[in-house]
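J.: Okay, so here is target.cif, and as you'll see once you scroll down, it has mmCIF, C-alpha atoms.
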```
data_work
loop_
_atom_site.label_atom_id
_atom_site.label_comp_id
_atom_site.auth_asym_id
_atom_site.auth_seq_id
_atom_site.Cartn_x
_atom_site.Cartn_y
_atom_site.Cartn_z
CA MET A 27 0.00 0.00 0.00
CA VAL A 28 1.30 3.34 -0.94
CA PHE A 29 0.85 6.21 1.57
CA SER A 30 0.94 9.77 0.61
CA PHE A 31 3.36 11.84 2.61
CA PHE A 32 1.54 15.01 1.80
CA LYS A 33 -1.56 16.18 3.64
CA LYS A 34 -4.48 16.89 1.38
CA GLN A 35 -5.00 20.59 1.09
CA PRO A 36 -8.48 21.86 2.02
CA GLN A 37 -10.65 22.76 -0.89
CA LYS A 38 -10.85 26.51 -1.39
CA MET A 39 -14.08 28.39 -2.01
CA PRO A 40 -14.24 29.69 -5.54
CA GLU A 41 -13.48 33.34 -5.69
CA ARG A 42 -16.27 35.67 -6.75
CA PRO A 43 -15.35 37.46 -9.89
CA ALA A 44 -14.71 41.11 -9.35
CA VAL A 45 -17.35 43.44 -10.62
CA ARG A 46 -15.97 45.81 -13.13
CA PRO A 47 -17.59 48.47 -15.21
CA ARG A 48 -18.90 47.30 -18.48
CA ALA A 49 -16.80 48.26 -21.42
CA PRO A 50 -16.83 47.47 -25.04
CA GLY A 51 -15.44 44.10 -25.78
CA VAL A 52 -16.26 42.52 -22.42
CA PRO A 53 -16.67 38.76 -22.76
CA PRO A 54 -20.27 37.52 -22.66
CA GLU A 55 -19.74 35.50 -19.51
CA ILE A 56 -19.00 38.65 -17.56
CA ARG A 57 -22.00 40.52 -18.92
CA THR A 58 -24.30 38.43 -16.83
CA VAL A 59 -22.97 40.13 -13.68
CA THR A 60 -23.21 43.63 -14.99
CA PRO A 61 -27.01 44.11 -14.62
CA LEU A 62 -26.65 43.64 -10.87
CA VAL A 63 -24.44 46.70 -10.73
CA GLU A 64 -26.89 48.78 -12.71
CA GLU A 65 -29.81 47.95 -10.38
CA ILE A 66 -28.11 49.32 -7.29
CA GLN A 67 -29.88 52.60 -6.33
CA PRO A 68 -28.17 55.42 -4.49
CA LEU A 69 -28.76 55.40 -0.73
CA GLU A 70 -31.00 58.00 0.91
CA PRO A 71 -29.04 60.52 3.05
CA LEU A 72 -29.07 59.71 6.76
CA PRO A 73 -30.98 62.05 9.07
CA ASP A 74 -29.04 64.37 11.31
CA LEU A 75 -27.93 62.52 14.39
CA GLU A 76 -27.04 63.95 17.77
CA PHE A 77 -24.02 62.32 19.37
CA THR A 78 -23.45 62.56 23.12
CA SER A 79 -20.68 61.27 25.30
CA GLY A 80 -21.28 57.95 26.94
CA ASN A 81 -24.56 56.16 26.65
CA MET A 82 -26.73 59.00 28.02
CA PRO A 83 -29.66 59.98 25.81
CA PRO A 84 -29.40 63.39 24.21
CA PRO A 85 -30.93 66.28 26.23
CA PRO A 86 -34.27 67.64 25.03
CA LYS A 87 -34.10 70.67 22.85
CA GLN A 88 -34.90 74.00 24.58
CA PRO A 89 -37.92 75.87 23.18
CA ALA A 90 -37.07 78.78 21.01
CA ILE A 91 -37.21 82.15 22.83
CA GLU A 92 -39.52 84.64 21.23
CA PRO A 93 -37.92 88.02 20.63
CA ALA A 94 -40.64 89.75 22.67
CA THR A 95 -39.54 87.96 25.85
CA LEU A 96 -35.98 89.12 25.68
CA ALA A 97 -35.02 91.79 28.22
CA PRO A 98 -34.33 95.11 26.54
CA ALA A 99 -30.84 96.40 26.45
CA VAL A 100 -29.94 99.01 29.03
CA ASP A 101 -29.92 101.71 26.38
CA ASP A 102 -33.53 100.86 25.48
CA LEU A 103 -34.96 101.43 28.98
CA ASP A 104 -36.94 104.60 29.35
CA PHE A 105 -35.71 106.39 32.45
CA THR A 106 -36.98 109.94 32.80
CA ASP A 107 -36.58 112.62 35.39
CA GLU A 108 -40.19 112.07 36.32
CA ASP A 109 -39.32 108.71 37.84
CA PHE A 110 -36.98 110.41 40.29
CA ASP A 111 -38.82 113.69 40.76
CA ARG A 112 -38.83 114.61 44.44
CA GLU A 113 -39.22 118.10 45.75
CA PHE A 114 -38.52 117.60 49.42
CA THR A 115 -36.71 120.41 51.16
CA GLU A 116 -34.13 119.44 53.77
CA SER A 117 -35.67 116.01 53.99
CA SER A 118 -34.41 112.48 53.49
CA VAL A 119 -37.84 111.49 52.29
CA MET A 120 -36.32 111.98 48.83
CA ALA A 121 -35.21 108.36 48.62
CA ILE A 122 -38.31 106.65 49.87
CA ASP A 123 -39.71 105.38 46.59
CA VAL A 124 -36.44 103.78 45.44
CA ASP A 125 -36.10 100.02 45.80
CA HIS A 126 -33.12 99.55 48.09
CA GLY A 127 -33.24 95.77 47.98
CA GLY A 128 -34.60 95.34 51.49
CA ASP A 129 -33.11 98.48 53.06
CA PRO A 130 -33.74 98.04 56.82
CA VAL A 131 -33.88 101.81 57.38
CA GLN A 132 -36.66 102.20 54.85
CA ALA A 133 -38.54 99.23 56.26
CA ASP A 134 -38.44 100.79 59.74
CA ILE A 135 -39.56 104.17 58.40
CA GLU A 136 -42.55 102.60 56.69
CA GLN A 137 -43.51 100.73 59.83
CA ILE A 138 -43.38 103.92 61.88
CA VAL A 139 -45.48 106.05 59.53
CA VAL A 140 -48.12 103.33 59.08
CA LEU A 141 -48.41 102.94 62.85
CA TYR A 142 -48.81 106.69 63.21
CA ALA A 143 -51.34 106.86 60.37
CA ASN A 144 -53.41 104.19 62.15
CA GLY A 145 -53.37 106.16 65.42
CA GLN A 146 -51.02 103.77 67.24
CA ASP A 147 -48.97 106.60 68.72
CA ALA A 148 -47.68 104.73 71.77
CA VAL A 149 -46.31 101.85 69.67
CA ALA A 150 -44.77 104.24 67.14
CA ARG A 151 -43.13 106.27 69.91
CA SER A 152 -41.68 103.20 71.63
CA LEU A 153 -40.22 101.96 68.35
CA LEU A 154 -38.78 105.38 67.51
CA GLU A 155 -37.10 105.65 70.91
CA THR A 156 -35.36 102.35 70.13
CA LEU A 157 -34.43 103.22 66.55
CA VAL A 158 -32.79 106.57 67.36
CA ARG A 159 -30.29 104.60 69.44
CA THR A 160 -29.91 101.78 66.91
CA TYR A 161 -28.83 103.76 63.86
CA GLN A 162 -25.99 106.22 63.42
CA GLY A 163 -25.36 109.39 61.43
CA ALA A 164 -27.95 110.60 58.92
CA ASP A 165 -30.16 107.54 59.45
CA SER A 166 -30.34 108.25 63.16
CA ARG A 167 -31.24 111.92 62.59
CA ARG A 168 -34.08 110.86 60.30
CA PHE A 169 -35.67 108.88 63.14
CA TRP A 170 -34.94 111.66 65.64
CA ARG A 171 -36.89 114.11 63.47
CA LEU A 172 -39.90 111.81 63.41
CA LEU A 173 -39.72 111.28 67.16
CA PHE A 174 -39.64 115.00 67.95
CA GLU A 175 -42.53 115.61 65.57
CA LEU A 176 -44.58 112.83 67.17
CA LEU A 177 -44.01 114.37 70.60
CA GLU A 178 -45.17 117.75 69.27
CA VAL A 179 -48.33 116.32 67.74
CA THR A 180 -49.19 114.49 70.96
CA GLY A 181 -48.32 117.53 73.08
CA ASP A 182 -45.62 115.93 75.27
CA ARG A 183 -43.43 118.99 75.85
CA MET A 184 -41.65 117.49 78.85
CA ALA A 185 -40.38 114.46 76.89
CA PHE A 186 -39.49 116.74 73.98
CA ASP A 187 -37.22 118.90 76.13
CA LYS A 188 -35.71 115.92 77.94
CA LEU A 189 -34.70 114.21 74.69
CA GLY A 190 -33.19 117.43 73.34
CA ALA A 191 -30.03 117.01 75.44
CA GLU A 192 -29.54 113.41 74.27
CA PHE A 193 -30.04 114.46 70.66
CA ALA A 194 -27.44 117.23 70.95
CA GLU A 195 -24.90 114.83 72.44
CA THR A 196 -25.57 112.05 69.92
CA CYS A 197 -25.86 114.10 66.75
CA GLU A 198 -23.51 116.92 67.78
CA THR A 199 -25.94 119.61 66.68
CA SER A 200 -28.65 121.74 68.24
CA PRO A 201 -31.97 120.00 68.88
CA PRO A 202 -35.14 121.25 67.19
CA THR A 203 -37.23 123.81 69.02
CA TRP A 204 -40.77 123.20 70.16
CA ARG A 205 -43.15 124.79 67.69
CA GLN A 206 -45.96 126.51 69.52
CA PRO A 207 -49.48 126.18 68.11
CA GLN A 208 -50.63 129.16 66.10
CA VAL A 209 -51.39 132.08 68.40
CA VAL A 210 -53.58 134.97 67.36
CA VAL A 211 -52.82 138.43 68.68
CA SER A 212 -55.42 139.34 71.27
CA ALA A 213 -58.06 141.71 69.96
CA PRO A 214 -61.79 142.26 70.41
CA GLY A 215 -63.55 139.07 69.38
CA VAL A 216 -60.38 136.99 68.98
CA THR A 217 -59.08 134.54 71.59
CA ALA A 218 -55.35 133.89 71.93
CA GLY A 219 -54.37 130.36 70.92
CA SER A 220 -57.35 129.78 68.60
CA ARG A 221 -57.20 126.88 66.18
CA LEU A 222 -57.53 127.90 62.52
CA LEU A 223 -59.87 125.92 60.26
CA VAL A 224 -60.41 126.80 56.61
CA LEU A 225 -63.57 126.11 54.62
CA GLN A 226 -62.99 126.28 50.90
CA GLY A 227 -64.17 125.03 47.55
CA VAL A 228 -67.48 123.18 47.30
CA LEU A 229 -68.06 121.02 50.37
CA THR A 230 -70.01 117.81 49.97
CA ALA A 231 -70.78 114.89 52.26
CA ASP A 232 -67.74 113.02 50.91
CA GLY A 233 -65.24 115.76 51.70
CA VAL A 234 -66.00 117.43 55.01
CA GLN A 235 -62.83 116.92 57.03
CA PRO A 236 -62.81 120.54 58.30
CA VAL A 237 -66.43 120.13 59.42
CA ALA A 238 -65.56 116.97 61.33
CA GLU A 239 -62.60 118.78 62.90
CA LEU A 240 -64.87 121.68 63.87
CA ALA A 241 -67.23 119.24 65.61
CA ARG A 242 -64.31 117.74 67.55
CA LEU A 243 -63.01 121.12 68.69
CA ILE A 244 -66.45 122.35 69.74
CA LYS A 245 -66.91 119.18 71.77
CA GLN A 246 -63.59 119.95 73.50
CA LYS A 247 -64.74 123.55 74.00
CA ALA A 248 -61.67 124.81 72.17
CA SER A 249 -61.50 128.25 70.55
CA VAL A 250 -61.71 128.15 66.77
CA ARG A 251 -61.11 130.60 63.92
CA LEU A 252 -63.27 129.53 60.99
CA ASP A 253 -62.16 131.13 57.72
CA CYS A 254 -64.88 131.14 55.02
CA GLY A 255 -63.11 133.38 52.51
CA LYS A 256 -62.52 130.56 50.00
CA LEU A 257 -65.77 128.71 50.54
CA ILE A 258 -67.62 128.54 47.22
CA GLY A 259 -70.61 126.56 48.45
CA CYS A 260 -71.83 123.35 50.07
CA ASP A 261 -74.60 120.83 49.65
CA ASP A 262 -77.60 120.69 51.95
CA GLU A 263 -76.14 117.97 54.17
CA VAL A 264 -72.99 119.96 54.93
CA ALA A 265 -75.02 123.15 55.34
CA GLY A 266 -77.17 121.44 57.96
CA GLN A 267 -74.09 120.16 59.82
CA LEU A 268 -72.49 123.60 59.87
CA ALA A 269 -75.70 125.28 61.03
CA THR A 270 -76.11 122.78 63.88
CA LEU A 271 -72.47 123.06 65.00
CA LEU A 272 -72.41 126.87 64.94
CA THR A 273 -75.70 127.08 66.83
CA GLN A 274 -74.43 124.59 69.41
CA ALA A 275 -71.19 126.52 69.90
CA ARG A 276 -73.00 129.84 70.25
CA ARG A 277 -75.48 128.52 72.82
CA THR A 278 -72.79 126.77 74.91
CA GLY A 279 -70.37 129.70 74.87
CA VAL A 280 -67.64 128.07 72.73
CA ASP A 281 -65.65 130.69 70.82
CA VAL A 282 -66.03 130.15 67.08
CA VAL A 283 -64.75 133.22 65.25
CA LEU A 284 -65.98 133.64 61.68
CA GLU A 285 -63.55 135.20 59.24
CA ASN A 286 -64.29 136.49 55.73
CA ALA A 287 -67.90 135.33 55.78
CA ALA A 288 -69.31 138.14 53.61
CA ALA A 289 -68.85 136.36 50.26
CA VAL A 290 -70.49 133.09 51.29
CA LEU A 291 -73.33 135.02 52.89
CA GLN A 292 -74.00 136.80 49.63
CA ARG A 293 -73.92 133.57 47.61
CA LEU A 294 -76.32 131.88 50.00
CA SER A 295 -78.70 134.82 50.02
CA GLU A 296 -78.79 134.97 46.20
CA ARG A 297 -79.36 131.24 45.83
CA LEU A 298 -82.25 130.90 48.27
CA VAL A 299 -85.52 132.10 46.75
CA VAL A 300 -88.56 133.01 48.84
CA GLY A 301 -91.47 130.66 48.16
CA GLN A 302 -89.34 127.75 46.88
CA ALA A 303 -89.54 125.22 49.69
CA SER A 304 -86.21 123.52 49.11
CA SER A 305 -82.74 123.54 50.68
CA GLU A 306 -84.00 124.17 54.20
CA PRO A 307 -80.58 123.34 55.76
CA ALA A 308 -79.03 126.11 53.65
CA TRP A 309 -81.67 128.54 54.97
CA LEU A 310 -80.78 127.58 58.53
CA LEU A 311 -77.08 128.11 57.82
CA LEU A 312 -77.83 131.54 56.34
CA LEU A 313 -79.77 132.56 59.45
CA GLU A 314 -77.00 131.31 61.76
CA LEU A 315 -74.36 133.27 59.83
CA LEU A 316 -76.54 136.38 59.97
CA GLN A 317 -77.00 135.79 63.70
CA ARG A 318 -73.23 136.03 64.11
CA THR A 319 -72.20 138.65 61.58
CA SER A 320 -75.15 140.97 60.91
CA THR A 321 -77.72 143.11 62.66
CA GLN A 322 -80.95 141.96 64.23
CA GLU A 323 -82.96 143.88 61.61
CA ILE A 324 -81.38 142.08 58.65
CA PHE A 325 -81.66 138.74 60.48
CA GLU A 326 -85.39 139.18 61.09
CA GLU A 327 -86.07 140.11 57.44
CA ARG A 328 -84.62 136.82 56.28
CA ALA A 329 -86.31 134.97 59.14
CA ILE A 330 -89.68 136.16 57.80
CA ASP A 331 -88.71 134.92 54.33
CA TYR A 332 -87.94 131.52 55.86
CA ALA A 333 -91.33 131.42 57.62
CA VAL A 334 -93.18 132.28 54.40
CA THR A 335 -91.29 129.67 52.40
CA PHE A 336 -91.63 126.72 54.79
CA GLU A 337 -94.78 127.80 56.69
CA ARG A 338 -93.19 127.31 60.07
CA SER A 339 -91.69 129.45 62.79
CA PRO A 340 -88.14 130.63 62.09
CA PRO A 341 -85.25 130.58 64.56
CA SER A 342 -85.28 133.53 66.95
CA TRP A 343 -82.65 136.20 67.30
CA GLU A 344 -80.44 135.48 70.33
CA LEU A 345 -77.96 137.78 71.94
CA PRO A 346 -74.49 136.20 71.72
CA ARG A 347 -72.97 134.87 74.94
CA THR A 348 -69.46 135.70 73.74
CA THR A 349 -67.88 138.68 72.00
CA THR A 350 -67.27 136.85 68.74
CA ALA A 351 -70.30 137.87 66.70
CA LYS A 352 -68.70 140.57 64.52
CA VAL A 353 -65.08 139.73 63.90
CA ASP A 354 -64.51 140.17 60.17
CA LEU A 355 -62.68 143.46 60.75
CA VAL A 356 -60.21 142.21 63.35
CA ALA A 357 -59.29 138.62 62.50
CA PRO A 358 -55.96 138.03 60.74
CA ALA A 359 -56.27 136.84 57.16
CA LEU A 360 -54.71 133.82 55.52
CA PRO A 361 -51.66 134.21 53.28
CA ASN A 362 -52.62 135.90 50.05
CA ASP A 363 -52.32 132.95 47.66
CA ASP A 364 -54.59 130.53 45.84
CA ALA A 365 -53.55 127.44 47.75
CA TYR A 366 -56.18 125.00 48.91
CA TYR A 367 -55.79 124.52 52.67
CA LEU A 368 -56.47 121.20 54.38
CA SER A 369 -56.48 120.77 58.12
CA GLY A 370 -57.05 118.41 61.01
CA ASN A 371 -56.92 114.64 61.05
CA LEU A 372 -57.66 113.30 57.55
CA LYS A 373 -59.41 109.97 58.07
CA ASN A 374 -61.27 108.03 55.37
CA ALA A 375 -61.06 111.11 53.14
CA LYS A 376 -62.03 110.79 49.47
CA PHE A 377 -61.05 114.35 48.45
CA ASP A 378 -64.01 114.82 46.13
CA GLU A 379 -63.78 118.56 46.76
CA LEU A 380 -60.48 118.63 44.89
CA ILE A 381 -62.31 118.13 41.59
CA ALA A 382 -63.47 121.76 41.71
CA VAL A 383 -60.04 122.93 42.89
CA PHE A 384 -58.21 121.24 40.01
CA ALA A 385 -60.77 122.50 37.52
CA ALA A 386 -60.27 126.09 38.66
CA GLN A 387 -56.45 126.13 38.61
CA GLN A 388 -53.93 124.86 36.10
CA ASN A 389 -51.20 124.26 38.72
CA PRO A 390 -52.96 123.93 42.07
CA VAL A 391 -51.21 124.01 45.45
CA LEU A 392 -52.50 121.88 48.33
CA ASP A 393 -51.38 123.26 51.69
CA PHE A 394 -51.00 120.58 54.39
CA SER A 395 -49.58 122.83 57.10
CA GLY A 396 -52.75 122.38 59.18
CA VAL A 397 -52.91 118.58 58.78
CA SER A 398 -51.72 116.69 61.84
CA ARG A 399 -52.32 113.17 60.54
CA MET A 400 -53.51 111.31 57.45
CA ASP A 401 -54.52 107.66 57.46
CA PHE A 402 -53.41 105.10 54.88
CA PHE A 403 -56.79 104.99 53.14
CA SER A 404 -56.84 108.77 52.66
CA ALA A 405 -53.28 108.76 51.29
CA GLY A 406 -54.26 106.16 48.71
CA GLN A 407 -57.37 108.12 47.75
CA LEU A 408 -55.26 111.25 47.27
CA VAL A 409 -53.00 109.33 44.88
CA ASN A 410 -56.05 108.20 42.89
CA ARG A 411 -57.42 111.74 42.81
CA ILE A 412 -54.19 113.35 41.58
CA ALA A 413 -52.90 110.64 39.19
CA PRO A 414 -55.16 111.49 36.20
CA TYR A 415 -54.10 115.14 36.32
CA LYS A 416 -50.43 114.18 36.51
CA ALA A 417 -50.90 111.91 33.49
CA ALA A 418 -52.44 114.85 31.64
CA GLY A 419 -49.32 116.92 32.26
CA ARG A 420 -50.60 119.00 35.17
CA ASP A 421 -48.17 120.08 37.90
CA ILE A 422 -49.64 119.73 41.40
CA VAL A 423 -47.78 120.85 44.52
CA ILE A 424 -48.34 119.55 48.06
CA ARG A 425 -46.94 122.12 50.44
CA SER A 426 -45.81 121.93 54.08
CA PRO A 427 -46.89 118.51 55.32
CA ASN A 428 -45.23 117.47 58.55
CA HIS A 429 -42.54 114.81 58.17
CA LEU A 430 -44.74 111.99 59.46
CA VAL A 431 -47.35 112.77 56.81
CA ALA A 432 -44.72 113.40 54.12
CA GLU A 433 -43.08 110.02 54.74
CA LEU A 434 -46.47 108.32 54.39
CA MET A 435 -47.09 110.17 51.13
CA ALA A 436 -43.85 108.78 49.77
CA VAL A 437 -44.65 105.24 50.96
CA VAL A 438 -47.84 105.22 48.85
CA GLY A 439 -46.06 106.80 45.86
CA LEU A 440 -47.69 110.21 46.08
CA ASN A 441 -44.34 111.90 45.45
CA LYS A 442 -44.49 110.49 41.90
CA GLN A 443 -47.80 112.24 41.27
CA ALA A 444 -47.11 115.61 42.88
CA ARG A 445 -44.19 117.77 44.01
CA ILE A 446 -44.03 117.57 47.79
CA ILE A 447 -42.29 120.38 49.67
CA VAL A 448 -41.75 119.91 53.40
CA PRO A 449 -40.65 122.70 55.73
CA LYS A 450 -37.07 122.86 56.88
CA SER A 451 -36.47 121.17 60.21
#
```
How does the structure come out when it is put into C-alpha cells?

T.:
Amino acid sequence: MVFSFFKKQPQKMPERPAVRPRAPGVPPEIRTVTPLVEEIQPLEPLPDLEFTSGNMPPPPKQPAIEPATLAPAVDDLDFTDEDFDREFTESSVMAIDVDHGGDPVQADIEQIVVLYANGQDAVARSLLETLVRTYQGADSRRFWRLLFELLEVTGDRMAFDKLGAEFAETCETSPPTWRQPQVVVSAPGVTAGSRLLVLQGVLTADGVQPVAELARLIKQKASVRLDCGKLIGCDDEVAGQLATLLTQARRTGVDVVLENAAAVLQRLSERLVVGQASSEPAWLLLLELLQRTSTQEIFEERAIDYAVTFERSPPSWELPRTTTAKVDLVAPALPNDDAYYLSGNLKNAKFDELIAVFAAQQNPVLDFSGVSRMDFFSAGQLVNRIAPYKAAGRDIVIRSPNHLVAELMAVVGLNKQARIIVPKS
C-alpha cells in the first residue's frame, strides 16, 4: 500500500469574480454580472444625528425664545426725570420710593409712619425711641426728626425737652425747638391760641374733614377761627351740619370766630328764593351766619322769608354769649395765595372737593400745614385723585406737610404724582 506523505490541502471556495464596469469588448460570460451593478440605487441621506458622550440619551431641545420675551438692552430702557422727581426740602424722604433691595432703614420708616397713620402713637413712639439709638449718622437723625414731631403732635413737651439734650450729644448739633401752636394776637372778638380751620371750595358729604374737625373742637370747647373766605358753596347735608355746630357753639359759649364770611353770605342769600320750599338746611345756615355777623334787623327780614317759604316758625334772634359775633374786621387773614388749605386729622377722606379745585387752577397748590395726621386709606385716595391730572401733564404741589405725613405720602407713591415740599427742620 502506498501512503501519501503530503496532507491533502483543504478545498478553497471559488473566488467571486470582481465586478468591473462594463466596457466594449467585455466577454459575454462577464456581462451576466453587470445588470446587478446597474440595479443598485443610491442610498437616501441619513438624518441628522445627535451624538453625546457615553450612553446617556441626548438632552431635550430647549424651546425657542420669542424676541418679545428678551429683556431690553440698558440703552432701550426709558428712564426719565419724572421717575426720580422729588421736591422735598431738607428732607431724606427723597429716597423713599427707590427700591433699596430690602433696606432696613426704609422698612423701619414705613412701619413707623403706618403705625402713626393708624393712630397707634404709643407703639410708634416706643419703636422710635429704640431706633434713634440703633442707627448712626444721617439715618439716626431721620428717626430723631420723626420722634420730635410725634411728641409735638401728641403735646408731650416734657419728653421733647428731655430728649433734646440726648439728641445734641448724639448728633452733635442743636436739637429742634418746640413749635408753639398758632397764636392769634389778642383783639376784640379773637381769643389767643385759637385753632384755625379753613372752609374752601365746594363742600359735599364726601369731603367734610374741616367740618368733622370743627365738631371735635367744639366738643372739646376749644377756641376756633373759621375762615370762610374761599368757601364757594356746600350741599344741603354739609349746610345742615355747619348750622347745627355753629348754633351749638353759640349757645354753649364756645368761641367760634368767623372770618371772611361776607362772600359766602351773599352767595347763600342769592341762591335761596322766597317761596321755593327747598334747601331748608341752607336757609338755617344763612340765618345762623346772619346771627353772628349781621344786625338783628337784617336777620329778622330773612327769618320772615324763611317762615313764608316753609310755613313754620323761624329761629329767633339770640344775643351772643361771647364777643365773637362781629369779627370780620379784626381777625388776621390767611396768606394771600390761591392754595387749597387742608387741616385736622384726615381719616377716610375721598377728596371729592379737589375736583373743583383742580378745575379752577392749572397748577394747584394743596397746603397741608394744618394737617396733623392722614390715614393710609386717605393717602391712597389722594394718589387716585391726583394721578389722572399728573398723566395729563398737570403740575400739582403739596406744600408743608409734617414729616410723618410726608413720609407716608412717599410710601404710597404720592411723590411720583405731585411735588411735595416739606418745611425745613

J.: Which of these residues is nearest to Ile446 of chain A, using all atoms listed in the file: A:Pro427, A:Gly419, A:Gly227, A:Gly406?

T.: A:Pro427

J.: Would you mind reading off the distance between atom CA of Leu223 of chain A and atom CA of Val250 of chain A, one decimal, in Å?

T.: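 For atom CA of Leu223 of chain A relative to atom CA of Val250 of chain A, the distance reads 7.1 Å.
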
J.: Do you know which residues the PyMOL selection byres ((chain A and resi 258) around 10) returns on this file, as a PyMOL selection string?

T.: chain A and resi 225-229+254-257+259-260+289-290+293-294+382

J.: Between A:Val334, A:Ile244, A:Ala143, A:Leu311, which residue has the minimum interatomic distance to Phe402 of chain A, considering all atoms listed in the file?

T.: A:Ala143

J.: May I ask for the distance between atom CA of Thr321 of chain A and atom CA of Ala333 of chain A, given in Å to one decimal place?

T.: 18.6 Å

J.: Figure out the distance between atom CA of Glu327 of chain A and atom CA of Ala288 of chain A, please, to one decimal in Å.

T.: 17.3 Å

J.: I need the output of the PyMOL selection byres ((chain A and resi 197-203) around 8) for this file as a list in words; which residues are they?

T.: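 Against this file, the PyMOL selection byres ((chain A and resi 197-203) around 8) returns the residues Gly163, Arg167, Phe174, Gly190, Ala191, Phe193, Ala194, Glu195, Thr196, Trp204, Arg205 and Ser451 of chain A.
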
J.: With C-alpha atoms retained, could you export that selection as a CSV table (one decimal), keeping the file's coordinate frame?

T.:
```
chain,number,residue,atom,x,y,z
A,163,GLY,CA,-25.4,109.4,61.4
A,167,ARG,CA,-31.2,111.9,62.6
A,174,PHE,CA,-39.6,115.0,68.0
A,190,GLY,CA,-33.2,117.4,73.3
A,191,ALA,CA,-30.0,117.0,75.4
A,193,PHE,CA,-30.0,114.5,70.7
A,194,ALA,CA,-27.4,117.2,71.0
A,195,GLU,CA,-24.9,114.8,72.4
A,196,THR,CA,-25.6,112.0,69.9
A,204,TRP,CA,-40.8,123.2,70.2
A,205,ARG,CA,-43.2,124.8,67.7
A,451,SER,CA,-36.5,121.2,60.2
```

J.: Counting all atoms listed in the file, what is within 7 Å of Phe394 of chain A, bar same-chain residues fewer than 6 positions away, as number ranges by chain?

T.: A: 367-369, 424-427

J.: Can you spell out as a list in words the set of residues that the PyMOL selection byres ((chain A and resi 280) around 9) selects in the structure I just provided?

T.: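 In the shown coordinates, the PyMOL selection byres ((chain A and resi 280) around 9) covers Ile244, Lys245, Lys247, Ala248, Ser249, Val250, Gln274, Ala275, Arg276, Arg277, Thr278, Gly279, Asp281, Val282, Arg347 and Thr348 of chain A.
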